[in-house]
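Asker: upload.cif is reproduced in full below (mmCIF, C-alpha atoms and all ligand atoms).
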```
data_coords
#
loop_
_atom_site.label_atom_id
_atom_site.label_comp_id
_atom_site.auth_asym_id
_atom_site.auth_seq_id
_atom_site.Cartn_x
_atom_site.Cartn_y
_atom_site.Cartn_z
CA MET A 1 0.00 0.00 0.00
CA ASN A 2 2.77 2.42 0.92
CA ARG A 3 4.42 1.74 -2.42
CA ILE A 4 1.20 2.72 -4.20
CA LYS A 5 0.91 5.91 -2.17
CA GLU A 6 4.50 6.78 -2.95
CA LEU A 7 3.83 6.26 -6.62
CA ALA A 8 0.68 8.36 -6.56
CA TYR A 9 2.24 11.23 -4.66
CA LYS A 10 5.76 11.50 -6.00
CA ASN A 11 7.15 13.92 -8.59
CA TYR A 12 4.06 15.87 -9.25
CA VAL A 13 3.40 19.41 -10.34
CA LYS A 14 4.06 22.26 -7.91
CA VAL A 15 3.17 25.93 -8.00
CA ASP A 16 5.57 28.12 -6.03
CA ASN A 17 6.83 24.89 -4.53
CA ILE A 18 3.37 23.87 -3.27
CA PRO A 19 2.17 20.48 -4.59
CA ILE A 20 -1.13 20.42 -6.48
CA VAL A 21 -3.76 17.71 -5.91
CA VAL A 22 -6.93 17.15 -7.96
CA GLN A 23 -9.99 16.16 -5.92
CA LYS A 24 -13.49 15.39 -7.15
CA PHE A 25 -16.69 15.54 -5.11
CA GLY A 26 -19.78 13.92 -6.61
CA GLY A 27 -23.46 14.82 -6.38
CA SER A 28 -24.16 13.23 -3.01
CA SER A 29 -21.14 14.95 -1.46
CA VAL A 30 -22.50 18.39 -2.36
CA ALA A 31 -26.21 17.52 -2.16
CA ASP A 32 -27.12 20.35 0.25
CA PHE A 33 -25.57 23.36 1.93
CA ASP A 34 -24.38 21.46 5.01
CA ARG A 35 -22.61 18.99 2.78
CA ILE A 36 -21.05 21.78 0.73
CA MET A 37 -19.69 23.26 3.99
CA ASN A 38 -18.44 19.79 4.96
CA VAL A 39 -16.54 19.53 1.67
CA ALA A 40 -15.20 23.07 2.11
CA ARG A 41 -13.84 22.17 5.57
CA ARG A 42 -12.17 19.05 4.21
CA ILE A 43 -10.54 21.14 1.51
CA ARG A 44 -9.37 23.70 4.08
CA LYS A 45 -7.75 20.92 6.09
CA ARG A 46 -5.85 19.77 3.01
CA VAL A 47 -4.74 23.30 2.16
CA ASN A 48 -3.51 23.69 5.74
CA GLN A 49 -1.52 20.47 5.30
CA GLY A 50 0.38 22.16 2.47
CA ASN A 51 -1.41 21.57 -0.84
CA LYS A 52 -3.14 23.65 -3.44
CA LEU A 53 -6.20 22.01 -4.90
CA VAL A 54 -8.04 21.78 -8.17
CA VAL A 55 -11.49 20.56 -7.16
CA VAL A 56 -13.94 19.12 -9.65
CA VAL A 57 -17.61 19.02 -8.67
CA SER A 58 -20.77 17.38 -9.97
CA ALA A 59 -24.21 18.91 -9.75
CA MET A 60 -25.88 19.00 -6.31
CA GLY A 61 -27.71 15.76 -5.43
CA LYS A 62 -30.29 14.77 -8.01
CA THR A 63 -30.08 18.05 -9.94
CA THR A 64 -29.20 16.42 -13.28
CA ASP A 65 -32.10 13.94 -13.00
CA ASN A 66 -34.43 16.79 -12.12
CA LEU A 67 -33.30 18.89 -15.07
CA ILE A 68 -34.01 15.94 -17.36
CA LYS A 69 -37.46 15.49 -15.81
CA MET A 70 -38.07 19.20 -16.27
CA VAL A 71 -37.31 19.22 -19.98
CA LYS A 72 -39.47 16.11 -20.44
CA GLN A 73 -42.44 18.17 -19.28
CA ILE A 74 -42.08 19.91 -22.62
CA THR A 75 -40.80 17.18 -24.91
CA GLU A 76 -39.55 13.59 -24.80
CA HIS A 77 -36.94 14.39 -27.45
CA PRO A 78 -35.21 17.69 -26.71
CA ASP A 79 -32.59 18.97 -29.12
CA ALA A 80 -29.20 17.56 -28.10
CA ARG A 81 -27.46 20.95 -27.99
CA GLU A 82 -30.16 22.54 -25.85
CA LEU A 83 -30.24 19.56 -23.49
CA ASP A 84 -26.48 19.79 -22.86
CA GLN A 85 -26.79 23.53 -22.41
CA LEU A 86 -29.40 22.86 -19.71
CA LEU A 87 -27.64 19.97 -17.93
CA ALA A 88 -24.38 21.90 -17.69
CA THR A 89 -26.06 24.48 -15.43
CA GLY A 90 -26.12 21.94 -12.55
CA GLU A 91 -22.34 21.86 -12.25
CA GLN A 92 -22.11 25.64 -12.55
CA VAL A 93 -24.29 26.08 -9.47
CA SER A 94 -22.33 23.60 -7.34
CA ALA A 95 -18.94 24.98 -8.42
CA VAL A 96 -19.92 28.52 -7.45
CA MET A 97 -21.55 27.43 -4.18
CA LEU A 98 -18.45 25.49 -3.14
CA SER A 99 -16.18 28.37 -4.07
CA ILE A 100 -18.26 30.77 -1.98
CA ALA A 101 -18.17 28.28 0.91
CA LEU A 102 -14.36 28.16 0.63
CA GLN A 103 -14.15 31.93 0.63
CA LYS A 104 -16.30 31.98 3.76
CA LEU A 105 -13.60 29.80 5.35
CA LYS A 106 -11.06 32.45 4.35
CA LEU A 107 -9.49 30.46 1.52
CA LYS A 108 -8.60 32.02 -1.80
CA SER A 109 -10.82 30.27 -4.29
CA LYS A 110 -12.14 30.77 -7.81
CA SER A 111 -14.79 28.75 -9.62
CA LEU A 112 -14.29 28.04 -13.32
CA ASN A 113 -16.74 26.69 -15.87
CA ALA A 114 -15.94 24.97 -19.16
CA TYR A 115 -15.27 28.30 -20.89
CA GLN A 116 -13.03 29.64 -18.17
CA ALA A 117 -10.99 26.44 -17.83
CA ARG A 118 -11.14 26.08 -21.64
CA ILE A 119 -12.13 22.45 -21.49
CA GLN A 120 -12.10 21.43 -25.16
CA THR A 121 -13.93 18.31 -26.32
CA LEU A 122 -14.57 16.25 -29.42
CA GLY A 123 -17.53 14.07 -30.30
CA LYS A 124 -21.27 14.30 -29.93
CA TYR A 125 -23.43 16.17 -27.47
CA SER A 126 -24.08 14.09 -24.34
CA GLU A 127 -21.03 11.93 -25.04
CA ALA A 128 -18.24 14.43 -25.64
CA ARG A 129 -14.62 13.48 -24.96
CA ILE A 130 -12.14 15.85 -23.36
CA THR A 131 -9.17 16.74 -25.55
CA SER A 132 -7.51 19.53 -23.56
CA PHE A 133 -7.64 22.09 -20.76
CA ASP A 134 -5.97 25.45 -20.54
CA LYS A 135 -3.32 24.07 -18.24
CA ARG A 136 -1.21 27.22 -18.28
CA ARG A 137 -4.14 29.31 -17.17
CA LEU A 138 -4.98 26.91 -14.35
CA LEU A 139 -1.38 26.91 -13.12
CA PHE A 140 -1.26 30.70 -13.40
CA LEU A 141 -4.47 31.09 -11.36
CA LEU A 142 -3.12 28.69 -8.75
CA LYS A 143 -0.35 31.18 -8.00
CA THR A 144 -2.86 33.53 -6.42
CA ASN A 145 -5.45 31.00 -5.22
CA ASP A 146 -5.49 28.09 -2.78
CA VAL A 147 -8.24 26.32 -4.67
CA LEU A 148 -9.79 26.32 -8.15
CA VAL A 149 -13.24 24.75 -8.33
CA VAL A 150 -13.88 23.41 -11.84
CA THR A 151 -17.24 22.26 -13.19
CA GLY A 152 -17.18 18.53 -13.99
CA PHE A 153 -19.17 16.83 -16.77
CA GLN A 154 -18.86 19.69 -19.27
CA GLY A 155 -16.63 20.93 -22.04
CA LEU A 156 -16.71 22.97 -25.22
CA THR A 157 -17.17 21.91 -28.81
CA ASP A 158 -15.08 23.35 -31.63
CA GLU A 159 -17.98 25.71 -32.35
CA GLY A 160 -17.81 26.98 -28.77
CA ASP A 161 -20.99 25.27 -27.59
CA ILE A 162 -21.31 23.41 -24.32
CA ALA A 163 -21.23 19.61 -24.53
CA THR A 164 -21.56 17.14 -21.66
CA LEU A 165 -19.52 13.98 -21.17
CA GLY A 166 -22.32 11.50 -20.42
CA ARG A 167 -23.93 10.59 -17.09
CA GLY A 168 -21.40 10.24 -14.31
CA GLY A 169 -18.82 12.08 -16.43
CA SER A 170 -17.38 14.32 -13.69
CA ASP A 171 -15.07 11.48 -12.70
CA THR A 172 -13.60 11.67 -16.19
CA SER A 173 -13.20 15.45 -15.91
CA ALA A 174 -11.19 14.94 -12.72
CA VAL A 175 -8.93 12.19 -14.04
CA ALA A 176 -8.33 14.07 -17.30
CA LEU A 177 -7.39 17.20 -15.34
CA ALA A 178 -5.04 15.22 -13.12
CA ALA A 179 -3.44 13.59 -16.15
CA SER A 180 -3.05 16.89 -17.93
CA LEU A 181 -1.64 18.73 -14.90
CA ASN A 182 0.42 15.76 -13.73
CA ALA A 183 -1.20 15.74 -10.30
CA PRO A 184 -2.56 12.97 -8.05
CA CYS A 185 -6.28 12.31 -8.38
CA GLU A 186 -8.65 11.67 -5.49
CA ILE A 187 -12.34 10.93 -6.03
CA TYR A 188 -14.73 11.28 -3.10
CA SER A 189 -18.27 9.94 -2.94
CA ASP A 190 -20.72 8.62 -0.35
CA VAL A 191 -18.89 5.28 0.00
CA ALA A 192 -15.36 4.74 1.32
CA GLY A 193 -13.86 3.17 -1.80
CA ILE A 194 -14.35 0.38 -4.30
CA TYR A 195 -16.12 -2.63 -2.83
CA THR A 196 -16.47 -6.17 -4.12
CA THR A 197 -20.07 -5.28 -4.89
CA ASP A 198 -22.34 -2.26 -4.36
CA PRO A 199 -22.24 -1.77 -0.56
CA LYS A 200 -25.72 -0.28 -0.69
CA LEU A 201 -27.06 -3.48 -2.21
CA TYR A 202 -24.96 -5.77 -0.07
CA PRO A 203 -23.74 -4.03 3.11
CA ALA A 204 -21.33 -6.87 3.95
CA ALA A 205 -19.34 -6.25 0.72
CA LYS A 206 -15.60 -5.98 1.28
CA LYS A 207 -13.53 -2.96 0.38
CA ALA A 208 -10.69 -3.54 -2.05
CA LYS A 209 -7.47 -1.78 -1.08
CA LEU A 210 -6.29 -2.12 -4.66
CA ILE A 211 -8.15 -2.91 -7.85
CA SER A 212 -6.69 -3.12 -11.34
CA TYR A 213 -7.72 -0.77 -14.14
CA ASP A 214 -9.09 -3.70 -16.13
CA ASP A 215 -11.25 -5.04 -13.32
CA MET A 216 -12.55 -1.57 -12.61
CA LEU A 217 -13.28 -1.00 -16.31
CA GLU A 218 -15.37 -4.18 -16.43
CA LEU A 219 -17.15 -3.37 -13.17
CA ALA A 220 -17.97 0.13 -14.42
CA ALA A 221 -19.14 -1.19 -17.78
CA SER A 222 -21.38 -3.70 -16.07
CA GLY A 223 -23.16 -1.28 -13.80
CA ALA A 224 -20.94 -0.21 -10.86
CA LYS A 225 -21.40 3.53 -11.14
CA VAL A 226 -18.82 4.30 -8.45
CA LEU A 227 -16.46 5.40 -11.26
CA HIS A 228 -17.30 6.54 -14.79
CA GLY A 229 -15.78 3.93 -17.13
CA ARG A 230 -13.99 6.52 -19.23
CA SER A 231 -12.25 7.97 -16.19
CA VAL A 232 -10.63 4.56 -15.70
CA GLU A 233 -9.64 4.42 -19.38
CA VAL A 234 -7.91 7.79 -19.07
CA ALA A 235 -6.17 6.76 -15.84
CA LYS A 236 -4.98 3.55 -17.48
CA ARG A 237 -3.69 5.35 -20.55
CA PHE A 238 -1.68 7.83 -18.46
CA ASN A 239 -0.89 5.24 -15.81
CA ILE A 240 -2.08 7.39 -12.91
CA PRO A 241 -3.56 5.77 -9.81
CA ILE A 242 -7.07 6.92 -8.80
CA TYR A 243 -7.75 7.13 -5.09
CA CYS A 244 -11.43 6.60 -4.17
CA GLY A 245 -12.61 7.57 -0.70
CA SER A 246 -15.54 8.92 1.29
CA SER A 247 -16.45 12.60 1.62
CA PHE A 248 -17.89 11.85 5.03
CA SER A 249 -15.12 9.98 6.84
CA ASP A 250 -11.35 9.61 6.97
CA GLU A 251 -11.49 5.87 6.45
CA GLU A 252 -8.73 4.67 4.11
CA GLY A 253 -10.19 4.17 0.61
CA SER A 254 -9.13 2.20 -2.47
CA TYR A 255 -6.61 2.74 -5.25
CA VAL A 256 -7.30 1.83 -8.85
CA VAL A 257 -3.91 0.90 -10.29
CA ASN A 258 -1.98 -0.92 -12.96
CA GLU A 259 -2.34 -4.69 -12.71
CA GLU A 260 1.43 -5.05 -12.42
CA LEU A 261 1.34 -3.37 -9.03
CA MET A 262 -0.94 -6.05 -7.66
CA ILE A 263 0.92 -8.93 -6.13
CA GLU A 264 -2.09 -11.11 -5.38
CA LYS A 265 -4.91 -11.30 -7.86
CA SER A 266 -8.07 -13.02 -6.71
CA SER A 267 -9.88 -14.93 -9.45
CA VAL A 268 -13.02 -12.88 -8.90
CA SER A 269 -12.52 -9.39 -7.56
CA GLY A 270 -15.99 -7.94 -7.88
CA LEU A 271 -19.60 -8.26 -8.87
CA SER A 272 -21.89 -5.70 -10.40
CA VAL A 273 -25.50 -5.41 -11.37
CA MET A 274 -26.98 -3.63 -14.37
CA GLU A 275 -30.68 -2.96 -13.82
CA ASN A 276 -33.55 -2.38 -16.25
CA GLN A 277 -32.41 -4.72 -18.98
CA ILE A 278 -34.63 -5.97 -21.78
CA HIS A 279 -34.00 -9.07 -23.83
CA VAL A 280 -34.63 -8.38 -27.51
CA VAL A 281 -35.20 -11.29 -29.88
CA ILE A 282 -35.50 -10.89 -33.66
CA LYS A 283 -36.69 -14.13 -35.24
CA LYS A 284 -37.25 -15.63 -38.66
CA LEU A 285 -34.76 -13.52 -40.56
CA PRO A 286 -33.83 -14.94 -43.97
CA VAL A 287 -30.50 -16.75 -44.04
CA ASN A 288 -28.71 -13.76 -45.42
CA TYR A 289 -26.22 -12.05 -43.13
CA SER A 290 -26.63 -8.67 -44.78
CA TYR A 291 -29.74 -8.16 -42.57
CA VAL A 292 -27.72 -8.96 -39.49
CA ARG A 293 -25.10 -6.42 -40.59
CA ASP A 294 -27.83 -3.86 -41.23
CA ILE A 295 -29.33 -4.38 -37.80
CA PHE A 296 -26.03 -3.69 -36.05
CA ARG A 297 -25.19 -0.79 -38.35
CA ARG A 298 -28.50 0.90 -37.51
CA VAL A 299 -28.07 0.11 -33.84
CA ALA A 300 -24.66 1.79 -33.89
CA THR A 301 -25.72 4.86 -35.87
CA SER A 302 -28.63 5.31 -33.46
CA GLY A 303 -26.08 5.53 -30.62
CA LEU A 304 -27.43 2.39 -28.93
CA ASN A 305 -25.29 0.17 -26.78
CA VAL A 306 -26.38 -3.47 -26.97
CA ASP A 307 -24.75 -6.36 -25.16
CA MET A 308 -24.87 -10.17 -24.78
CA ILE A 309 -25.35 -10.65 -28.51
CA SER A 310 -26.26 -14.12 -29.69
CA ILE A 311 -26.97 -15.25 -33.25
CA ILE A 312 -28.45 -18.64 -34.10
CA SER A 313 -29.17 -20.04 -37.53
CA ASP A 314 -31.59 -23.00 -37.82
CA GLU A 315 -34.44 -24.28 -40.02
CA ASP A 316 -36.58 -21.20 -39.09
CA GLY A 317 -33.90 -18.86 -40.37
CA ILE A 318 -31.62 -16.58 -38.38
CA SER A 319 -32.46 -15.39 -34.85
CA VAL A 320 -30.60 -12.48 -33.36
CA SER A 321 -30.89 -11.63 -29.68
CA PHE A 322 -29.25 -9.12 -27.38
CA THR A 323 -29.83 -7.01 -24.29
CA LEU A 324 -30.44 -3.30 -24.01
CA ILE A 325 -31.37 -0.83 -21.30
CA ASP A 326 -35.17 -0.49 -21.15
CA GLU A 327 -35.24 3.29 -21.68
CA LYS A 328 -33.77 2.89 -25.15
CA LYS A 329 -36.46 0.50 -26.42
CA LYS A 330 -38.30 3.06 -28.54
CA ARG A 331 -35.13 4.19 -30.25
CA LEU A 332 -34.16 0.59 -30.91
CA ASP A 333 -37.55 -0.26 -32.33
CA ALA A 334 -37.27 2.58 -34.83
CA ALA A 335 -33.75 1.47 -35.81
CA LEU A 336 -34.80 -2.17 -36.31
CA LYS A 337 -37.81 -1.23 -38.41
CA ARG A 338 -35.56 0.82 -40.64
CA ALA A 339 -32.99 -1.94 -40.96
CA LEU A 340 -35.63 -4.56 -41.82
CA ARG A 341 -37.98 -2.40 -43.87
CA GLU A 342 -37.71 -4.69 -46.93
CA LEU A 343 -38.78 -7.76 -44.96
CA ARG A 344 -42.22 -8.95 -43.89
CA ASP A 345 -42.32 -12.17 -41.95
CA TYR A 346 -39.78 -11.52 -39.25
CA GLU A 347 -40.79 -11.19 -35.57
CA ILE A 348 -39.44 -8.90 -32.88
CA GLU A 349 -39.97 -9.70 -29.19
CA TYR A 350 -39.13 -7.45 -26.27
CA HIS A 351 -38.93 -9.17 -22.88
CA ALA A 352 -38.66 -6.73 -19.98
CA GLY A 353 -37.85 -7.19 -16.29
CA PHE A 354 -34.28 -8.49 -16.45
CA ILE A 355 -31.03 -7.58 -14.75
CA LYS A 356 -27.50 -8.40 -15.80
CA LEU A 357 -25.12 -9.78 -13.18
CA THR A 358 -21.39 -9.73 -13.89
CA VAL A 359 -18.46 -11.17 -11.94
CA VAL A 360 -15.09 -9.70 -12.82
CA GLY A 361 -11.49 -10.59 -12.07
CA VAL A 362 -8.17 -10.31 -13.90
CA GLY A 363 -7.21 -13.42 -11.93
CA MET A 364 -9.74 -15.42 -14.00
CA LYS A 365 -7.13 -15.52 -16.77
CA SER A 366 -5.12 -18.02 -14.74
CA GLY A 367 -7.84 -19.37 -12.42
CA ILE A 368 -9.51 -22.63 -13.35
CA GLY A 369 -13.06 -23.56 -12.40
CA VAL A 370 -14.51 -20.07 -12.14
CA ALA A 371 -17.33 -20.88 -14.58
CA SER A 372 -18.12 -24.08 -12.73
CA ASP A 373 -18.28 -22.19 -9.39
CA PHE A 374 -20.41 -19.52 -11.01
CA PHE A 375 -23.02 -21.97 -12.32
CA ASN A 376 -22.97 -23.94 -9.11
CA ALA A 377 -23.68 -20.83 -7.07
CA LEU A 378 -26.63 -19.99 -9.33
CA LYS A 379 -28.13 -23.45 -9.41
CA ASN A 380 -31.51 -22.17 -8.17
CA VAL A 381 -31.62 -19.15 -10.43
CA PRO A 382 -32.93 -19.58 -13.97
CA PHE A 383 -30.85 -17.57 -16.42
CA LYS A 384 -31.65 -16.47 -19.90
CA LEU A 385 -28.29 -15.64 -21.44
CA VAL A 386 -24.64 -15.99 -20.48
CA THR A 387 -21.59 -14.32 -21.99
CA THR A 388 -17.97 -14.54 -20.98
CA SER A 389 -14.66 -12.83 -21.68
CA GLU A 390 -11.16 -13.50 -20.39
CA ILE A 391 -11.88 -11.58 -17.21
CA LYS A 392 -15.66 -11.69 -16.70
CA ILE A 393 -18.81 -13.80 -16.73
CA SER A 394 -22.19 -12.11 -17.20
CA CYS A 395 -25.66 -13.58 -16.99
CA LEU A 396 -29.11 -12.23 -17.62
CA ILE A 397 -31.71 -13.13 -14.99
CA GLU A 398 -35.21 -12.02 -14.02
CA LYS A 399 -35.09 -9.14 -11.58
CA GLN A 400 -36.89 -10.97 -8.76
CA TYR A 401 -33.84 -13.23 -8.39
CA LYS A 402 -31.45 -10.33 -7.87
CA LEU A 403 -30.81 -10.60 -4.13
CA GLU A 404 -30.73 -14.39 -4.12
CA ALA A 405 -28.20 -14.42 -6.96
CA VAL A 406 -26.03 -11.65 -5.48
CA ASN A 407 -25.99 -13.44 -2.12
CA ALA A 408 -25.07 -16.76 -3.70
CA LEU A 409 -22.21 -15.28 -5.75
CA VAL A 410 -20.90 -13.17 -2.88
CA LYS A 411 -20.76 -16.31 -0.76
CA LYS A 412 -19.22 -18.51 -3.42
CA PHE A 413 -16.45 -16.08 -4.37
CA LYS A 414 -16.01 -14.70 -0.82
CA LEU A 415 -16.75 -11.18 -1.96
P1 LIG B 501 -21.06 10.45 -7.03
O1 LIG B 501 -22.38 11.14 -7.03
O2 LIG B 501 -20.18 10.87 -5.91
O3 LIG B 501 -20.37 10.46 -8.37
P2 LIG B 501 -22.10 7.83 -7.55
O4 LIG B 501 -23.48 7.70 -6.99
O5 LIG B 501 -21.95 8.11 -8.99
O6 LIG B 501 -21.35 8.92 -6.68
O7 LIG B 501 -21.22 6.54 -7.20
C1 LIG B 501 -21.18 6.09 -5.87
C2 LIG B 501 -22.15 4.93 -5.69
O8 LIG B 501 -21.72 3.81 -6.48
C3 LIG B 501 -22.23 4.39 -4.30
O9 LIG B 501 -23.17 5.09 -3.54
C4 LIG B 501 -22.60 2.92 -4.50
O10 LIG B 501 -23.95 2.69 -4.20
C5 LIG B 501 -22.38 2.69 -5.98
N1 LIG B 501 -21.59 1.48 -6.25
C6 LIG B 501 -21.93 0.53 -7.17
N2 LIG B 501 -21.03 -0.46 -7.19
C7 LIG B 501 -20.07 -0.13 -6.29
C8 LIG B 501 -18.86 -0.75 -5.87
N3 LIG B 501 -18.45 -1.92 -6.40
N4 LIG B 501 -18.11 -0.13 -4.91
C9 LIG B 501 -18.51 1.04 -4.40
N5 LIG B 501 -19.65 1.67 -4.75
C10 LIG B 501 -20.43 1.11 -5.68
N1 LIG B 502 -24.11 15.54 -12.79
C1 LIG B 502 -23.79 14.56 -13.81
C2 LIG B 502 -24.69 13.33 -13.67
O1 LIG B 502 -25.52 13.29 -12.78
C3 LIG B 502 -22.34 14.19 -13.84
C4 LIG B 502 -21.83 13.40 -12.65
O2 LIG B 502 -22.53 13.19 -11.68
O3 LIG B 502 -20.67 13.00 -12.71
O4 LIG B 502 -24.60 12.44 -14.46
MG MG B 503 -20.75 9.38 -10.15
#
```
So, in terms of structure tokens, how does the structure I just supplied come out?

Answerer:
Amino acid sequence: MNRIKELAYKNYVKVDNIPIVVQKFGGSSVADFDRIMNVARRIRKRVNQGNKLVVVVSAMGKTTDNLIKMVKQITEHPDARELDQLLATGEQVSAVMLSIALQKLKLKSKSLNAYQARIQTLGKYSEARITSFDKRRLLFLLKTNDVLVVTGFQGLTDEGDIATLGRGGSDTSAVALAASLNAPCEIYSDVAGIYTTDPKLYPAAKKAKLISYDDMLELAASGAKVLHGRSVEVAKRFNIPIYCGSSFSDEEGSYVVNEELMIEKSSVSGLSVMENQIHVVIKKLPVNYSYVRDIFRRVATSGLNVDMISIISDEDGISVSFTLIDEKKKRLDAALKRALRELRDYEIEYHAGFIKLTVVGVGMKSGIGVASDFFNALKNVPFKLVTTSEIKISCLIEKQYKLEAVNALVKKFKL
């Protein structure tokens, strides 16, 4: 552990000989004014210990959800640019509130939005990718400030519009800033680190002191929202450890690190749950793979993310099935109808009420018998689909079996 800390906190950028640290506080950490003051006091403590901070914040509490609900009062399909313009206001409010709280504690602080920190992005609205920050400006401002509070989740397009990074994207803002400044990155939320499974779902879950980038990437992709998947990609690319801890306690958290730093790799290091899954089955397609290609082309151009794909060819023709998050069903239906517009006799079925359970572990690569243990643990749970990769096994089950299945897997793999 000490080796990891040394690695995370050595040779990093200083301003006037004071080391800079990037910290991120998520929605629950700044959900109300008491919590904002709590965060401000934690920051003051760190400044008093001899750091300057770049702090990234998310919107207060459920603000982003509420803004989405608000726009849906007017239309189900708002224009993408306007929606991003709206959602970005959440982070502006929390950044300013935290900066004012810091000033009240007599710290020198400035809040900066995407324009002021010149956070450039590429890509589409609602899934923009950060390409650069105005690092020189940030370092210059740090000369006269103890803290800069930067809005997470937002950046600018080449045209100068606001674009957001996707739900949960403030983590990525923080890691990208840390990578660009060459500073350590600490992410604070309402749990004290990365656990073997969601501690809110399974309070006896164990905290991992260390977890590899690859395990964390799989956990994030399969539903563990504790870190935004892209933040882990960025950390992996720049090889910077991410520290995850609680905003509400001083309990030692977890580090997400390069696999090589992990001496012991358990075969299964975590379990995650993806809710609201539907199982989509397209049947009786002619035995002509151009339709299959068309389906997935339309799915991709509609920005849909499908998973657990299975394709079977038998005497009834080709059947394609996959999973998708329930909210996207309408968009998928439109895409499928376009892809198959020349055909008549095919059938599409949508089965709702599923969840996807995934166990993850880089140790699976060398561990034998993980699949056997997995199926043994779930012997009383009927599953619909199973997919595997080198480091994960996922299965689709009906949602009423969630707790039973989580309990059985936690027990089997000692999570
Ligand atoms: P923030 O608002 O600070 O970004 P999030 O709500 O996005 O926080 O992420 C923290 C939440 O992630 C926790 O409250 C926890 O319920 C959930 N979570 C899911 N899986 C895990 C896991 N394996 N370890 C820790 N937390 C997890
Ligand atoms: N406020 C945004 C969201 O709710 C970004 C984030 O929380 O990281 O998705
Ligand atoms: Mg989050």

Asker: Near Thr89 of chain A, within 12 Å and counting only C-alpha atoms, which residues show up once chain neighbours fewer than 6 positions away are dropped, as a list in words?

Answerer: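 So the residues in contact are Ser58, Ala59, Met60, Thr63, Thr64, Asn66, Leu67, Ile68, Glu82, Leu83, Ala95, Val96, Asn113, Ala114, Thr151, Gly152, Phe153, Gln154, Ile162, Ala163 and Thr164 of chain A.
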
Asker: Please return as a PDB file with C-alpha atoms, keeping the file's coordinate frame the residues found within 8 Å of ligand LIG 501 (chain B), counting all atoms listed in the file.

Answerer:
```
ATOM      1  CA  PHE A  25     -16.690  15.540  -5.110  1.00  0.00           C
ATOM      2  CA  GLY A  26     -19.780  13.920  -6.610  1.00  0.00           C
ATOM      3  CA  GLY A  27     -23.460  14.820  -6.380  1.00  0.00           C
ATOM      4  CA  SER A  28     -24.160  13.230  -3.010  1.00  0.00           C
ATOM      5  CA  SER A  29     -21.140  14.950  -1.460  1.00  0.00           C
ATOM      6  CA  SER A  58     -20.770  17.380  -9.970  1.00  0.00           C
ATOM      7  CA  GLY A  61     -27.710  15.760  -5.430  1.00  0.00           C
ATOM      8  CA  GLY A 168     -21.400  10.240 -14.310  1.00  0.00           C
ATOM      9  CA  SER A 170     -17.380  14.320 -13.690  1.00  0.00           C
ATOM     10  CA  ASP A 171     -15.070  11.480 -12.700  1.00  0.00           C
ATOM     11  CA  ILE A 187     -12.340  10.930  -6.030  1.00  0.00           C
ATOM     12  CA  TYR A 188     -14.730  11.280  -3.100  1.00  0.00           C
ATOM     13  CA  SER A 189     -18.270   9.940  -2.940  1.00  0.00           C
ATOM     14  CA  ASP A 190     -20.720   8.620  -0.350  1.00  0.00           C
ATOM     15  CA  VAL A 191     -18.890   5.280   0.000  1.00  0.00           C
ATOM     16  CA  ALA A 192     -15.360   4.740   1.320  1.00  0.00           C
ATOM     17  CA  GLY A 193     -13.860   3.170  -1.800  1.00  0.00           C
ATOM     18  CA  ILE A 194     -14.350   0.380  -4.300  1.00  0.00           C
ATOM     19  CA  TYR A 195     -16.120  -2.630  -2.830  1.00  0.00           C
ATOM     20  CA  THR A 196     -16.470  -6.170  -4.120  1.00  0.00           C
ATOM     21  CA  THR A 197     -20.070  -5.280  -4.890  1.00  0.00           C
ATOM     22  CA  ASP A 198     -22.340  -2.260  -4.360  1.00  0.00           C
ATOM     23  CA  PRO A 199     -22.240  -1.770  -0.560  1.00  0.00           C
ATOM     24  CA  LYS A 200     -25.720  -0.280  -0.690  1.00  0.00           C
ATOM     25  CA  LEU A 201     -27.060  -3.480  -2.210  1.00  0.00           C
ATOM     26  CA  LYS A 207     -13.530  -2.960   0.380  1.00  0.00           C
ATOM     27  CA  LEU A 219     -17.150  -3.370 -13.170  1.00  0.00           C
ATOM     28  CA  ALA A 220     -17.970   0.130 -14.420  1.00  0.00           C
ATOM     29  CA  GLY A 223     -23.160  -1.280 -13.800  1.00  0.00           C
ATOM     30  CA  ALA A 224     -20.940  -0.210 -10.860  1.00  0.00           C
ATOM     31  CA  LYS A 225     -21.400   3.530 -11.140  1.00  0.00           C
ATOM     32  CA  VAL A 226     -18.820   4.300  -8.450  1.00  0.00           C
ATOM     33  CA  LEU A 227     -16.460   5.400 -11.260  1.00  0.00           C
ATOM     34  CA  HIS A 228     -17.300   6.540 -14.790  1.00  0.00           C
ATOM     35  CA  GLY A 270     -15.990  -7.940  -7.880  1.00  0.00           C
ATOM     36  CA  LEU A 271     -19.600  -8.260  -8.870  1.00  0.00           C
ATOM     37  CA  SER A 272     -21.890  -5.700 -10.400  1.00  0.00           C
ATOM     38  CA  VAL A 273     -25.500  -5.410 -11.370  1.00  0.00           C
TER      39      VAL A 273
END
```

Asker: Using all atoms listed in the file, find the one residue out of A:Thr75, A:Asn48, A:Ser231, A:Ser222 that sits nearest to ligand LIG 502 (chain B).

Answerer: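 Of the candidates, the smallest distance to ligand LIG 502 (chain B) is held by A:Ser231.
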
Asker: From the set A:Cys395, A:Phe383, A:Asp294, A:Asp333, which residue has the shortest atom-to-atom contact distance to Met308 of chain A, counting only C-alpha atoms?

Answerer: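 Counting only C-alpha atoms, the residue closest to Met308 of chain A is A:Cys395.
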
Asker: As an exercise, work out the distance from atom CA of Arg118 of chain A to atom CA of Ser132 of chain A in Å and give it to one decimal place.

Answerer: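 The value is 7.7 Å.
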